[in-house]
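Next comes work.pdb, a file with PDB, C-alpha atoms.
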ATOM      1  CA  MET S  41     121.414 101.629 136.215  1.00  0.00           C
ATOM      2  CA  GLU S  42     118.458 100.008 134.531  1.00  0.00           C
ATOM      3  CA  LYS S  43     118.315  96.595 132.927  1.00  0.00           C
ATOM      4  CA  ILE S  44     116.610  95.347 129.793  1.00  0.00           C
ATOM      5  CA  GLN S  45     116.610  92.079 127.887  1.00  0.00           C
ATOM      6  CA  ILE S  46     117.361  91.988 124.167  1.00  0.00           C
ATOM      7  CA  LYS S  47     115.832  89.146 122.208  1.00  0.00           C
ATOM      8  CA  ILE S  48     117.988  88.126 119.277  1.00  0.00           C
ATOM      9  CA  ASN S  49     116.564  85.610 116.832  1.00  0.00           C
ATOM     10  CA  PRO S  50     119.544  83.423 115.852  1.00  0.00           C
ATOM     11  CA  LYS S  51     117.796  82.510 112.602  1.00  0.00           C
ATOM     12  CA  PHE S  52     118.311  86.093 111.415  1.00  0.00           C
ATOM     13  CA  TYR S  53     121.322  87.362 113.332  1.00  0.00           C
ATOM     14  CA  LYS S  54     124.682  85.600 113.054  1.00  0.00           C
ATOM     15  CA  LYS S  55     126.290  84.686 116.336  1.00  0.00           C
ATOM     16  CA  GLU S  56     129.680  86.153 115.341  1.00  0.00           C
ATOM     17  CA  ALA S  57     128.082  89.473 114.417  1.00  0.00           C
ATOM     18  CA  VAL S  58     126.211  89.613 117.723  1.00  0.00           C
ATOM     19  CA  GLU S  59     129.390  88.873 119.691  1.00  0.00           C
ATOM     20  CA  GLU S  60     131.384  91.482 117.796  1.00  0.00           C
ATOM     21  CA  SER S  61     128.607  94.031 118.276  1.00  0.00           C
ATOM     22  CA  LEU S  62     128.525  93.348 122.001  1.00  0.00           C
ATOM     23  CA  LYS S  63     132.239  94.097 122.172  1.00  0.00           C
ATOM     24  CA  ALA S  64     131.723  97.297 120.192  1.00  0.00           C
ATOM     25  CA  PHE S  65     128.966  98.386 122.564  1.00  0.00           C
ATOM     26  CA  SER S  66     130.830  97.452 125.731  1.00  0.00           C
ATOM     27  CA  ASP S  67     131.459 101.170 126.433  1.00  0.00           C
ATOM     28  CA  ASN S  68     127.735 101.850 126.276  1.00  0.00           C
ATOM     29  CA  PHE S  69     126.433  99.017 128.396  1.00  0.00           C
ATOM     30  CA  ASP S  70     127.285  96.037 130.555  1.00  0.00           C
ATOM     31  CA  TYR S  71     125.902  92.814 129.227  1.00  0.00           C
ATOM     32  CA  LYS S  72     125.228  89.256 130.204  1.00  0.00           C
ATOM     33  CA  ILE S  73     124.522  86.549 127.624  1.00  0.00           C
ATOM     34  CA  ILE S  74     121.639  84.519 129.004  1.00  0.00           C
ATOM     35  CA  ASP S  75     121.328  82.109 126.092  1.00  0.00           C
ATOM     36  CA  ASP S  76     121.600  82.001 122.281  1.00  0.00           C
ATOM     37  CA  SER S  77     118.677  84.335 121.854  1.00  0.00           C
ATOM     38  CA  LEU S  78     118.642  86.461 124.994  1.00  0.00           C
ATOM     39  CA  ILE S  79     121.038  89.121 126.249  1.00  0.00           C
ATOM     40  CA  GLU S  80     120.599  91.247 129.315  1.00  0.00           C
ATOM     41  CA  ILE S  81     122.014  94.752 129.133  1.00  0.00           C
ATOM     42  CA  GLU S  82     122.504  97.322 131.828  1.00  0.00           C
ATOM     43  CA  SER S  83     123.144 100.959 131.022  1.00  0.00           C
ATOM     44  CA  GLU S  84     122.752 104.532 132.198  1.00  0.00           C
ATOM     45  CA  ASP S  85     121.689 105.617 128.708  1.00  0.00           C
ATOM     46  CA  ASP S  86     118.175 105.325 127.367  1.00  0.00           C
ATOM     47  CA  LEU S  87     117.818 101.564 127.137  1.00  0.00           C
ATOM     48  CA  GLU S  88     115.245 101.581 124.350  1.00  0.00           C
ATOM     49  CA  THR S  89     117.530 103.637 122.101  1.00  0.00           C
ATOM     50  CA  VAL S  90     120.561 101.541 122.976  1.00  0.00           C
ATOM     51  CA  LYS S  91     118.614  98.374 122.188  1.00  0.00           C
ATOM     52  CA  ASN S  92     117.455  99.687 118.804  1.00  0.00           C
ATOM     53  CA  GLU S  93     120.915 100.950 117.902  1.00  0.00           C
ATOM     54  CA  PHE S  94     122.275  97.538 118.791  1.00  0.00           C
ATOM     55  CA  TYR S  95     119.872  95.746 116.439  1.00  0.00           C
ATOM     56  CA  ASN S  96     120.847  98.075 113.595  1.00  0.00           C
ATOM     57  CA  TYR S  97     124.533  97.692 114.372  1.00  0.00           C
ATOM     58  CA  VAL S  98     124.387  93.888 114.166  1.00  0.00           C
ATOM     59  CA  LEU S  99     122.527  94.057 110.863  1.00  0.00           C
ATOM     60  CA  ALA S 100     124.982  96.580 109.418  1.00  0.00           C
ATOM     61  CA  LEU S 101     127.911  94.466 110.582  1.00  0.00           C
ATOM     62  CA  MET S 102     126.469  91.412 108.856  1.00  0.00           C
ATOM     63  CA  LYS S 103     126.181  93.412 105.670  1.00  0.00           C
ATOM     64  CA  ASN S 104     129.721  94.788 105.880  1.00  0.00           C
ATOM     65  CA  LYS S 105     131.173  91.362 106.529  1.00  0.00           C
ATOM     66  CA  SER S 106     128.992  89.796 103.859  1.00  0.00           C
ATOM     67  CA  MET S 107     127.645  87.261 106.304  1.00  0.00           C
ATOM     68  CA  VAL S 108     124.389  87.046 104.415  1.00  0.00           C
TER      69      VAL S 108
ATOM     70  CA  MET X 130      95.458  87.595 109.502  1.00  0.00           C
ATOM     71  CA  GLU X 131      96.657  91.201 109.603  1.00  0.00           C
ATOM     72  CA  LYS X 132      99.982  91.595 107.886  1.00  0.00           C
ATOM     73  CA  VAL X 133     100.799  95.155 108.920  1.00  0.00           C
ATOM     74  CA  LYS X 134     100.451  96.817 112.290  1.00  0.00           C
ATOM     75  CA  ILE X 135     101.144 100.506 112.692  1.00  0.00           C
ATOM     76  CA  ASP X 136     101.508 102.424 115.924  1.00  0.00           C
ATOM     77  CA  GLU X 137     101.561 106.076 114.828  1.00  0.00           C
ATOM     78  CA  GLU X 138     102.294 107.405 118.319  1.00  0.00           C
ATOM     79  CA  LYS X 139     105.360 105.286 118.841  1.00  0.00           C
ATOM     80  CA  GLY X 140     106.318 105.420 115.178  1.00  0.00           C
ATOM     81  CA  GLU X 141     106.422 101.649 115.010  1.00  0.00           C
ATOM     82  CA  ILE X 142     105.487  99.345 112.164  1.00  0.00           C
ATOM     83  CA  GLU X 143     105.313  95.568 112.174  1.00  0.00           C
ATOM     84  CA  ILE X 144     105.236  93.862 108.800  1.00  0.00           C
ATOM     85  CA  LYS X 145     104.741  90.134 108.412  1.00  0.00           C
ATOM     86  CA  LEU X 146     106.197  88.791 105.190  1.00  0.00           C
ATOM     87  CA  ASP X 147     105.800  85.499 103.407  1.00  0.00           C
ATOM     88  CA  PRO X 148     109.315  84.212 102.600  1.00  0.00           C
ATOM     89  CA  LYS X 149     107.903  82.476  99.523  1.00  0.00           C
ATOM     90  CA  LEU X 150     107.066  85.890  98.105  1.00  0.00           C
ATOM     91  CA  TYR X 151     110.088  87.780  99.381  1.00  0.00           C
ATOM     92  CA  SER X 152     113.192  85.687  99.950  1.00  0.00           C
ATOM     93  CA  LEU X 153     115.420  86.275 102.953  1.00  0.00           C
ATOM     94  CA  ASP X 154     118.074  87.883 100.733  1.00  0.00           C
ATOM     95  CA  VAL X 155     115.535  90.374  99.457  1.00  0.00           C
ATOM     96  CA  ILE X 156     114.372  91.177 102.996  1.00  0.00           C
ATOM     97  CA  TYR X 157     117.949  91.683 104.215  1.00  0.00           C
ATOM     98  CA  SER X 158     118.816  93.905 101.241  1.00  0.00           C
ATOM     99  CA  THR X 159     115.733  96.014 101.838  1.00  0.00           C
ATOM    100  CA  ALA X 160     116.443  96.247 105.558  1.00  0.00           C
ATOM    101  CA  TYR X 161     119.957  97.551 104.876  1.00  0.00           C
ATOM    102  CA  VAL X 162     118.563 100.400 102.788  1.00  0.00           C
ATOM    103  CA  PHE X 163     116.434 101.531 105.729  1.00  0.00           C
ATOM    104  CA  LEU X 164     119.114 101.356 108.415  1.00  0.00           C
ATOM    105  CA  ASP X 165     119.632 105.128 108.367  1.00  0.00           C
ATOM    106  CA  LYS X 166     115.921 105.954 108.419  1.00  0.00           C
ATOM    107  CA  ALA X 167     114.631 103.445 110.938  1.00  0.00           C
ATOM    108  CA  TYR X 168     115.510 100.982 113.632  1.00  0.00           C
ATOM    109  CA  ILE X 169     114.986  97.504 112.265  1.00  0.00           C
ATOM    110  CA  LYS X 170     114.467  94.233 114.037  1.00  0.00           C
ATOM    111  CA  LEU X 171     114.007  90.903 112.294  1.00  0.00           C
ATOM    112  CA  ASP X 172     112.100  88.089 113.899  1.00  0.00           C
ATOM    113  CA  GLY X 173     109.913  85.115 113.065  1.00  0.00           C
ATOM    114  CA  ASN X 174     110.763  82.039 111.088  1.00  0.00           C
ATOM    115  CA  PRO X 175     112.673  82.268 107.786  1.00  0.00           C
ATOM    116  CA  GLU X 176     110.723  79.273 106.431  1.00  0.00           C
ATOM    117  CA  GLN X 177     107.233  80.379 107.400  1.00  0.00           C
ATOM    118  CA  GLU X 178     106.868  84.020 108.266  1.00  0.00           C
ATOM    119  CA  VAL X 179     109.379  86.832 108.607  1.00  0.00           C
ATOM    120  CA  ILE X 180     108.473  89.648 110.981  1.00  0.00           C
ATOM    121  CA  VAL X 181     110.092  93.003 110.252  1.00  0.00           C
ATOM    122  CA  GLN X 182     109.743  95.608 112.979  1.00  0.00           C
ATOM    123  CA  LEU X 183     110.497  99.164 111.940  1.00  0.00           C
ATOM    124  CA  LYS X 184     110.708 102.149 114.246  1.00  0.00           C
ATOM    125  CA  THR X 185     111.218 105.582 112.752  1.00  0.00           C
ATOM    126  CA  LYS X 186     114.269 107.454 113.970  1.00  0.00           C
ATOM    127  CA  ASN X 187     112.878 110.964 113.555  1.00  0.00           C
ATOM    128  CA  LYS X 188     109.160 110.448 114.057  1.00  0.00           C
ATOM    129  CA  ASP X 189     108.728 110.473 110.292  1.00  0.00           C
ATOM    130  CA  ASN X 190     105.488 109.527 108.617  1.00  0.00           C
ATOM    131  CA  THR X 191     105.039 105.850 109.432  1.00  0.00           C
ATOM    132  CA  GLU X 192     102.614 105.273 106.570  1.00  0.00           C
ATOM    133  CA  LYS X 193     105.181 106.593 104.102  1.00  0.00           C
ATOM    134  CA  LEU X 194     107.915 104.503 105.686  1.00  0.00           C
ATOM    135  CA  LYS X 195     105.770 101.391 105.325  1.00  0.00           C
ATOM    136  CA  ASN X 196     104.974 102.127 101.673  1.00  0.00           C
ATOM    137  CA  ASP X 197     108.617 102.894 100.899  1.00  0.00           C
ATOM    138  CA  PHE X 198     109.616  99.628 102.523  1.00  0.00           C
ATOM    139  CA  TYR X 199     107.180  97.650 100.378  1.00  0.00           C
ATOM    140  CA  ASN X 200     108.395  99.452  97.239  1.00  0.00           C
ATOM    141  CA  GLU X 201     111.981  98.640  98.065  1.00  0.00           C
ATOM    142  CA  LEU X 202     111.045  95.003  98.708  1.00  0.00           C
ATOM    143  CA  LEU X 203     109.516  94.821  95.255  1.00  0.00           C
ATOM    144  CA  ASN X 204     112.514  96.549  93.777  1.00  0.00           C
ATOM    145  CA  TYR X 205     114.942  94.007  95.230  1.00  0.00           C
ATOM    146  CA  ALA X 206     112.674  91.067  94.445  1.00  0.00           C
ATOM    147  CA  PHE X 207     112.633  92.152  90.799  1.00  0.00           C
ATOM    148  CA  TYR X 208     116.389  92.739  90.795  1.00  0.00           C
ATOM    149  CA  LYS X 209     117.003  89.262  92.236  1.00  0.00           C
ATOM    150  CA  ARG X 210     114.721  87.669  89.677  1.00  0.00           C
ATOM    151  CA  GLN X 211     116.478  89.451  86.812  1.00  0.00           C
ATOM    152  CA  THR X 212     119.880  88.532  88.214  1.00  0.00           C
ATOM    153  CA  GLU X 213     118.880  84.876  88.335  1.00  0.00           C
ATOM    154  CA  LYS X 214     117.437  85.032  84.820  1.00  0.00           C
ATOM    155  CA  THR X 215     120.562  86.540  83.308  1.00  0.00           C
ATOM    156  CA  GLY X 216     122.984  84.563  85.477  1.00  0.00           C
ATOM    157  CA  ASP X 217     123.904  82.017  82.804  1.00  0.00           C
ATOM    158  CA  ILE X 218     124.514  84.555  80.079  1.00  0.00           C
ATOM    159  CA  ARG X 219     126.671  86.672  82.433  1.00  0.00           C
ATOM    160  CA  LYS X 220     128.684  83.569  83.297  1.00  0.00           C
ATOM    161  CA  ILE X 221     129.230  82.757  79.630  1.00  0.00           C
ATOM    162  CA  ILE X 222     130.254  86.336  78.781  1.00  0.00           C
ATOM    163  CA  LEU X 223     132.703  86.406  81.685  1.00  0.00           C
ATOM    164  CA  GLN X 224     134.177  83.059  80.683  1.00  0.00           C
ATOM    165  CA  LYS X 225     134.531  84.287  77.130  1.00  0.00           C
ATOM    166  CA  VAL X 226     136.280  87.455  78.291  1.00  0.00           C
ATOM    167  CA  LEU X 227     138.619  85.684  80.701  1.00  0.00           C
ATOM    168  CA  PHE X 228     139.510  82.692  78.553  1.00  0.00           C
ATOM    169  CA  THR X 229     139.228  84.172  75.091  1.00  0.00           C
ATOM    170  CA  ASN X 230     142.728  82.976  74.102  1.00  0.00           C
ATOM    171  CA  ASP X 231     142.482  79.491  75.491  1.00  0.00           C
ATOM    172  CA  ASN X 232     139.862  77.463  73.673  1.00  0.00           C
ATOM    173  CA  ASN X 233     140.490  74.329  75.709  1.00  0.00           C
ATOM    174  CA  ILE X 234     139.343  75.948  78.946  1.00  0.00           C
ATOM    175  CA  CYS X 235     136.057  77.137  77.594  1.00  0.00           C
ATOM    176  CA  GLU X 236     134.867  74.833  74.844  1.00  0.00           C
ATOM    177  CA  GLU X 237     131.303  75.409  75.976  1.00  0.00           C
ATOM    178  CA  CYS X 238     131.632  79.146  75.296  1.00  0.00           C
ATOM    179  CA  ASP X 239     132.799  78.598  71.728  1.00  0.00           C
ATOM    180  CA  GLU X 240     129.857  76.348  71.032  1.00  0.00           C
ATOM    181  CA  GLU X 241     127.534  79.068  72.263  1.00  0.00           C
ATOM    182  CA  PHE X 242     129.274  81.864  70.359  1.00  0.00           C
ATOM    183  CA  GLU X 243     129.926  80.332  66.940  1.00  0.00           C
ATOM    184  CA  PHE X 244     129.851  83.015  64.284  1.00  0.00           C
ATOM    185  CA  ASP X 245     130.807  83.592  60.642  1.00  0.00           C
ATOM    186  CA  ASP X 246     134.199  85.179  60.038  1.00  0.00           C
ATOM    187  CA  PRO X 247     134.584  85.533  56.249  1.00  0.00           C
ATOM    188  CA  GLU X 248     137.370  88.152  56.575  1.00  0.00           C
ATOM    189  CA  GLY X 249     139.327  86.039  59.050  1.00  0.00           C
ATOM    190  CA  ILE X 250     139.287  88.831  61.636  1.00  0.00           C
ATOM    191  CA  ALA X 251     139.031  86.399  64.532  1.00  0.00           C
ATOM    192  CA  THR X 252     142.123  84.476  63.435  1.00  0.00           C
ATOM    193  CA  PRO X 253     145.066  85.297  65.727  1.00  0.00           C
ATOM    194  CA  TRP X 254     147.963  87.235  64.146  1.00  0.00           C
ATOM    195  CA  GLU X 255     150.461  84.448  64.799  1.00  0.00           C
ATOM    196  CA  GLU X 256     148.255  81.893  63.117  1.00  0.00           C
ATOM    197  CA  LYS X 257     147.758  84.108  60.077  1.00  0.00           C
ATOM    198  CA  TYR X 258     151.320  85.418  59.538  1.00  0.00           C
ATOM    199  CA  GLY X 259     153.510  83.147  61.654  1.00  0.00           C
ATOM    200  CA  LYS X 260     155.312  84.002  64.889  1.00  0.00           C
ATOM    201  CA  ASP X 261     158.514  85.550  63.508  1.00  0.00           C
ATOM    202  CA  THR X 262     157.011  87.805  60.868  1.00  0.00           C
ATOM    203  CA  ASP X 263     158.970  90.897  61.962  1.00  0.00           C
ATOM    204  CA  LYS X 264     162.250  89.003  62.079  1.00  0.00           C
ATOM    205  CA  ASN X 265     161.651  87.504  58.630  1.00  0.00           C
ATOM    206  CA  LYS X 266     161.028  90.966  57.178  1.00  0.00           C
ATOM    207  CA  SER X 267     164.269  92.392  58.520  1.00  0.00           C
TER     208      SER X 267
END
Could you render the structure from this file as structure tokens?
Amino acid sequence: MEKIQIKINPKFYKKEAVEESLKAFSDNFDYKIIDDSLIEIESEDDLETVKNEFYNYVLALMKNKSMV
Amino acid sequence: MEKVKIDEEKGEIEIKLDPKLYSLDVIYSTAYVFLDKAYIKLDGNPEQEVIVQLKTKNKDNTEKLKNDFYNELLNYAFYKRQTEKTGDIRKIILQKVLFTNDNNICEECDEEFEFDDPEGIATPWEEKYGKDTDKNKS
């Protein structure tokens, strides 16, 4: 399995949304929260696609929950 | 400073936006519209410069995606401006609708909406004919 780091800017992405998204994606990848703005993910799927889908998912979640 | 970077091969676009021109709300709203067409990542500083990274999902025309994004930004910026402009009048209309029978709650609304009523149409039925009109008749 390959690893990749996802940089999340906390000024744009709400912490709660990121945490909920990580739970939702737990079937797709294993993750380790390094700090507030860095997450390491490990997956058998194409990591670039997973990463991009994750960014979109967090943004969509923030919209649905009216966090912004 | 270059504000837009396009990588046609990868289908990636990086747009740097001035938050004084396009507020964060406008940028978020625009980003949501493009969630199905592109992968979107937000970065930068909300007070100084917002960096929007777009990556096409289906290797679509990146130039078109960029132009559409700018159009949508303008669209939402205009919408926000209009919403702010008409905010007070919407508030007054809503108050008038919700509290139309209770003048004490919305005195401000009545001041704003004073009008002539020579036929007495606006006078409530009870005030005009008394509460027990039907009973009095029978």
Practice task
Name the residues captured by the PyMOL selection byres ((chain S) within 12 of (chain X)) when it is applied to the shown file; answer as a PyMOL selection string.
Solution key: chain S and resi 46-54+77+88-104+106-108
Exercise for the section: Would you mind reading off the distance between atom CA of Ile144 of chain X and atom CA of Lys132 of chain X, one decimal, in Å? Expected result: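 So the answer is 5.8 Å.
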Practice task
One decimal, Å: what's the distance from atom CA of Ser61 of chain S over to atom CA of Asp136 of chain X, could you say?
Solution key: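 Spanning atom CA of Ser61 of chain S to atom CA of Asp136 of chain X is a straight-line distance of 28.5 Å.
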Handout entry: Among listed residues S:Asn68, S:Glu60, S:Lys105, S:Gln45, nearest Glu80 of chain S (using all atoms listed in the file)
Key =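 For Glu80 of chain S, the nearest of the given residues is S:Gln45.
Atom pair atom CA of Ile180 of chain X / atom CA of Glu143 of chain X has a distance of 6.8 Å (rounded to one decimal).
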Report as a PDB file with C-alpha atoms, keeping the file's coordinate frame the full result of the PyMOL selection byres ((chain X and resi 209-221) around 9) when it is applied to this structure.
ATOM      1  CA  ASP X 154     118.074  87.883 100.733  1.00  0.00           C
ATOM      2  CA  VAL X 155     115.535  90.374  99.457  1.00  0.00           C
ATOM      3  CA  ASN X 204     112.514  96.549  93.777  1.00  0.00           C
ATOM      4  CA  TYR X 205     114.942  94.007  95.230  1.00  0.00           C
ATOM      5  CA  ALA X 206     112.674  91.067  94.445  1.00  0.00           C
ATOM      6  CA  PHE X 207     112.633  92.152  90.799  1.00  0.00           C
ATOM      7  CA  TYR X 208     116.389  92.739  90.795  1.00  0.00           C
ATOM      8  CA  ILE X 222     130.254  86.336  78.781  1.00  0.00           C
ATOM      9  CA  LEU X 223     132.703  86.406  81.685  1.00  0.00           C
ATOM     10  CA  GLN X 224     134.177  83.059  80.683  1.00  0.00           C
ATOM     11  CA  LYS X 225     134.531  84.287  77.130  1.00  0.00           C
ATOM     12  CA  VAL X 226     136.280  87.455  78.291  1.00  0.00           C
ATOM     13  CA  GLU X 237     131.303  75.409  75.976  1.00  0.00           C
ATOM     14  CA  CYS X 238     131.632  79.146  75.296  1.00  0.00           C
ATOM     15  CA  GLU X 241     127.534  79.068  72.263  1.00  0.00           C
TER      16      GLU X 241
END
